[in-house]
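Comments concern the structure below.
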Amino acid sequence: MSLTPSTSANLQSTRMKKEESFLGKLGGTLIRKKKSKEVSDLHEEGRNAINAPLLPSGTEIYPEDTLLEENAERMMLDPTSRENLKFSDLLKVLIEWINSELEEDRIIVKDLEEDCYDGQVLQKLFEKLSGRKLNVAEVTQSEIGQKQKLTTVLEAVNHLLRPHGWTIEWSVDAIHSKNLVAIVYLLVALAMHFQAPIRLPEHVSVQVVVVKKREGILQTAVMTKELTSTTEMMMGKFERDAFDTLLDHAPDKLNVVKSSLITFVNKHLNKLNLEVTELESQFADGVYLILLMGLLEDYFVPLYNFFLTPENFEQKVHNVAFAFELMQDGGLKKPKARPEDVVNLNLKSTLRVLYNLFTNYKNSD
């Protein structure tokens with residue numbers, strides 16, 4: 001059937017109207033979806049503004065934070081604190097200390113968060129420091145197994161540290177969730193308690209963001225956490241000994257003790273034409289300690305084993321640490337003092353070391 005020009009024009013007009021009607025509906029749908037998305041984004045932006053009014057710039061609230069149970073909280077390190085040089089130094093010192101302690105186990109720690117969260121490194125470290133074997137599985141891959149191991153390790157740590165005044169700033173969940181602040185708190189406490197031969201940076205503080213859920217709404221706050229104070233204050237958490245009492249309550253007797261120790265060391269050092277008049281300063285570089293041990297044990301210490309004229313802090317620490325090794329080789333217990341404290345002219349530390357020698361060698365010629 002052939003169409004007249006009039007009929008053809010009518011069909012074309014009808015088709016165009018249908019297409020316009022379809023496009024109009026499609027456009028309306030797209031516009032409505034776009035508006036709906038904008039409204040949703042606006043609601044989300046508003047919710048975040050309400051839920052996180054104190055959140056510092058650069059810090060994100062992660063999805064797991066929104067899943068917090070009512071009245072629960074989560075603590076995160078403020079990213080700006082990672083750029084803190086003293087905090088970076090603290091992490092470096094702790095990592096080097098752990099690797100030194102666990103060298104025989106062929107364990108190498110590179111990142112505290114990634115390497116400590118499952119409990120394996122913490123278990124080995126505690127066993128090495130305490131000389132105590134924990135009843136835990138050696139390798140655990142599952143989350144449940146890892147948390148069980150952490151529970152055993154932390155129970156042992158807390159039982160040891162709590163009587164000495166340490167505030168427990170760590171937990172199984174915090175460690176397992178790779179909370180760096182909690183991990184550092186724990187390692188600092190272990191290092192100080194076991195008198196690790198390291199020098200922790202003093203007065204290290206970081207900013208943390210604490211996220212809490214109250215009535216279904218996330219609330220945030222920024223807090224400052226002090227990870228280390230002074231070495232003297234941190235050491236003060238441990239049991240005080242006779243020298244603490246002597247210095248605090250009987251300073252008049254201190255000179256008597258110092259005089260006795262000076263007489264003792266000079267009795268032996270005089271054989272090398274050496275004489276001591278100031279205990280804290282003249283033993284600070286470790287040279288006299290090394291020579292004294294050789295005299296007490298009747299052997300010559302090769303000069304290549306130590307720095308006869310140390311020029312910096314590290315060389316002095318090396319000397320004092322070497323003297324400590326000689327003491328242990330002679331059957332003495334490991335000195336409670338740290339080499340760094342002797343180098344830093346800490347009188348109590350020097351007195352403890354020398355008194356230990358005095359009690360063991362006072363009858364030696």
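Numbering starts fresh at 1 for the residues of each chain in the structure tokens, the chains themselves are lettered A, B, ... in the order given, and ligands are numbered from 1 as they appear.
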Quiz item: Do you know which residues are at most 12 Å from Ile144 in chain A counting only C-alpha atoms, after dropping those on the same chain fewer than 5 positions away, and could you put them as a ChimeraX atom specification?
Solution: /A:118-119,137,149-151,172-173,176
Take the residues from that selection and put them in a file with N, CA, C and O atoms, as a short mmCIF file (atom, residue, chain, number, x, y, z; two decimals), in the first residue's frame.
```cif
data_model
loop_
_atom_site.label_atom_id
_atom_site.label_comp_id
_atom_site.auth_asym_id
_atom_site.auth_seq_id
_atom_site.Cartn_x
_atom_site.Cartn_y
_atom_site.Cartn_z
N ASP A 118 50.27 -9.87 66.19
CA ASP A 118 49.78 -11.24 66.33
C ASP A 118 50.32 -11.94 67.58
O ASP A 118 49.94 -13.08 67.87
N GLY A 119 51.20 -11.30 68.33
CA GLY A 119 51.67 -11.86 69.59
C GLY A 119 52.94 -12.68 69.50
O GLY A 119 53.57 -12.98 70.53
N ALA A 137 50.82 -21.72 71.65
CA ALA A 137 51.16 -22.33 70.36
C ALA A 137 52.23 -21.49 69.68
O ALA A 137 52.20 -20.26 69.75
N LYS A 149 46.90 -16.14 72.08
CA LYS A 149 48.32 -15.99 72.40
C LYS A 149 48.56 -14.64 73.07
O LYS A 149 49.27 -14.55 74.08
N LEU A 150 47.98 -13.57 72.50
CA LEU A 150 48.13 -12.24 73.09
C LEU A 150 47.61 -12.21 74.51
O LEU A 150 48.20 -11.57 75.39
N THR A 151 46.50 -12.87 74.76
CA THR A 151 45.92 -12.91 76.10
C THR A 151 46.91 -13.52 77.10
O THR A 151 47.14 -12.97 78.19
N VAL A 172 44.47 -6.64 74.65
CA VAL A 172 44.52 -7.60 73.54
C VAL A 172 43.95 -6.99 72.27
O VAL A 172 44.56 -7.05 71.20
N ASP A 173 42.78 -6.36 72.39
CA ASP A 173 42.15 -5.77 71.20
C ASP A 173 42.98 -4.63 70.63
O ASP A 173 43.10 -4.49 69.41
N HIS A 176 46.09 -6.17 68.89
CA HIS A 176 45.72 -6.93 67.69
C HIS A 176 45.19 -6.03 66.57
O HIS A 176 45.30 -6.37 65.39
#
```
Exercise. Name all residues at most 7 Å from Lys212 in chain A (count only C-alpha atoms; drop same-chain ones fewer than 5 positions away) and give them as a VMD selection string.
Key: chain A and resid 71 to 74 218 to 220
Practice problem: Write out as a list in words which residues come within 10 Å of Lys128 in chain A when counting only C-alpha atoms, dropping same-chain ones fewer than 6 positions away. | Solution: Glu101, Leu102, Asp105 and Leu122 of chain A
Exercise. Could you give me, as JSON, numbers by chain, the residues within 10 Å of Lys225 in chain A, counting only C-alpha atoms and dropping anything in the same chain fewer than 2 positions from it?
Key: {"A": [77, 181, 185, 204, 205, 206, 207, 208, 222, 223, 227, 228]}
Would you mind exporting N, CA and C atoms of the selected residues as a PDB file, in the first residue's frame?
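That gives us out.pdb:
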```
ATOM      1  N   LEU A  77      46.276   7.031  66.225  1.00  0.00           N
ATOM      2  CA  LEU A  77      47.377   7.983  66.245  1.00  0.00           C
ATOM      3  C   LEU A  77      47.122   9.080  65.223  1.00  0.00           C
ATOM      4  N   VAL A 181      50.224   3.202  69.470  1.00  0.00           N
ATOM      5  CA  VAL A 181      50.435   3.824  70.773  1.00  0.00           C
ATOM      6  C   VAL A 181      50.443   2.765  71.875  1.00  0.00           C
ATOM      7  N   TYR A 185      53.639   1.793  74.272  1.00  0.00           N
ATOM      8  CA  TYR A 185      53.514   1.813  75.735  1.00  0.00           C
ATOM      9  C   TYR A 185      54.029   0.501  76.332  1.00  0.00           C
ATOM     10  N   VAL A 204      58.725  12.042  75.188  1.00  0.00           N
ATOM     11  CA  VAL A 204      58.095  11.795  73.888  1.00  0.00           C
ATOM     12  C   VAL A 204      56.578  11.751  74.086  1.00  0.00           C
ATOM     13  N   SER A 205      55.877  12.631  73.400  1.00  0.00           N
ATOM     14  CA  SER A 205      54.416  12.681  73.463  1.00  0.00           C
ATOM     15  C   SER A 205      53.844  12.657  72.053  1.00  0.00           C
ATOM     16  N   VAL A 206      52.640  12.113  71.916  1.00  0.00           N
ATOM     17  CA  VAL A 206      51.964  12.079  70.624  1.00  0.00           C
ATOM     18  C   VAL A 206      50.513  12.509  70.795  1.00  0.00           C
ATOM     19  N   GLN A 207      49.917  12.930  69.702  1.00  0.00           N
ATOM     20  CA  GLN A 207      48.501  13.268  69.684  1.00  0.00           C
ATOM     21  C   GLN A 207      47.712  12.054  69.205  1.00  0.00           C
ATOM     22  N   VAL A 208      46.642  11.729  69.902  1.00  0.00           N
ATOM     23  CA  VAL A 208      45.781  10.620  69.489  1.00  0.00           C
ATOM     24  C   VAL A 208      44.348  11.113  69.348  1.00  0.00           C
ATOM     25  N   VAL A 222      40.616  14.921  70.749  1.00  0.00           N
ATOM     26  CA  VAL A 222      42.062  14.818  70.560  1.00  0.00           C
ATOM     27  C   VAL A 222      42.730  14.882  71.931  1.00  0.00           C
ATOM     28  N   MET A 223      43.632  13.918  72.194  1.00  0.00           N
ATOM     29  CA  MET A 223      44.312  13.852  73.482  1.00  0.00           C
ATOM     30  C   MET A 223      45.818  13.755  73.262  1.00  0.00           C
ATOM     31  N   LEU A 227      54.465   9.132  76.155  1.00  0.00           N
ATOM     32  CA  LEU A 227      55.001   7.781  76.021  1.00  0.00           C
ATOM     33  C   LEU A 227      56.233   7.569  76.892  1.00  0.00           C
ATOM     34  N   THR A 228      57.057   8.603  77.035  1.00  0.00           N
ATOM     35  CA  THR A 228      58.219   8.527  77.933  1.00  0.00           C
ATOM     36  C   THR A 228      58.339   9.837  78.700  1.00  0.00           C
TER      37      THR A 228
END
```
Write out as an mmCIF file with N, CA, C and O atoms, in the first residue's frame each polymer residue whose atoms come within 8 Å of Gln195 in chain A, counting only C-alpha atoms; drop sequence neighbours fewer than 4 positions from it.
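Saved file around_25.cif follows:
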```cif
data_model
loop_
_atom_site.group_PDB
_atom_site.id
_atom_site.type_symbol
_atom_site.label_atom_id
_atom_site.label_comp_id
_atom_site.auth_asym_id
_atom_site.auth_seq_id
_atom_site.Cartn_x
_atom_site.Cartn_y
_atom_site.Cartn_z
ATOM 1 N N ALA A 191 61.045 -2.501 78.359
ATOM 2 C CA ALA A 191 62.434 -2.046 78.277
ATOM 3 C C ALA A 191 62.902 -1.465 79.609
ATOM 4 O O ALA A 191 64.013 -1.747 80.074
ATOM 5 N N LYS A 336 72.502 -3.820 87.605
ATOM 6 C CA LYS A 336 71.172 -3.244 87.441
ATOM 7 C C LYS A 336 71.221 -1.929 86.675
ATOM 8 O O LYS A 336 70.258 -1.538 86.016
ATOM 9 N N ALA A 337 72.330 -1.237 86.798
ATOM 10 C CA ALA A 337 72.475 0.054 86.114
ATOM 11 C C ALA A 337 72.604 -0.150 84.611
ATOM 12 O O ALA A 337 73.008 -1.216 84.137
ATOM 13 N N ARG A 338 72.277 0.880 83.853
ATOM 14 C CA ARG A 338 72.466 0.864 82.409
ATOM 15 C C ARG A 338 73.786 1.563 82.074
ATOM 16 O O ARG A 338 74.137 2.558 82.729
#
```
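Considering the residues A:Glu202, A:Glu114, A:Asp285, A:Glu311 and counting only C-alpha atoms, Ala323 in chain A has its shortest atom-to-atom contact with A:Asp285.
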Self-check item: Residues near Gln282 in chain A, cut-off 12 Å, only C-alpha atoms, skip fewer than 6 positions along chain, as number ranges by chain
Solution: A: 262, 265-266, 274-276, 288-289, 316, 320, 342-347, 350
Exercise. Apply DSSP to the backbone of this structure and, from range 52-263 of chain A, keep only the residues in strand (DSSP E or B); write these as number ranges by chain.
Key: A: 73-77, 204-214, 217-228
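Residue nearest Ser259 in chain A within the list A:Val287, A:Glu278, A:Ile168, A:Pro163: A:Glu278 [criterion: smallest interatomic distance, only C-alpha atoms].
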Exercise. Mind listing the helix (DSSP H, G or I) residues of range 81-292 of chain A, per DSSP on the backbone, as a ChimeraX atom specification?
Key: /A:81-83,85-101,103-105,112-116,120-130,143-164,172-176,180-193,231-235,242-249,251-272,279-282,287-292
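Coordinates place CA of Val317 in chain A at a distance of 24.0 Å from CA of Ser130 in chain A.
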Quiz item: Quick one, how far is CA of Ser281 in chain A from CA of Arg352 in chain A?
Solution: 14.5 Å
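Note that CA of Asn363 in chain A and CA of His268 in chain A are 11.5 Å apart.
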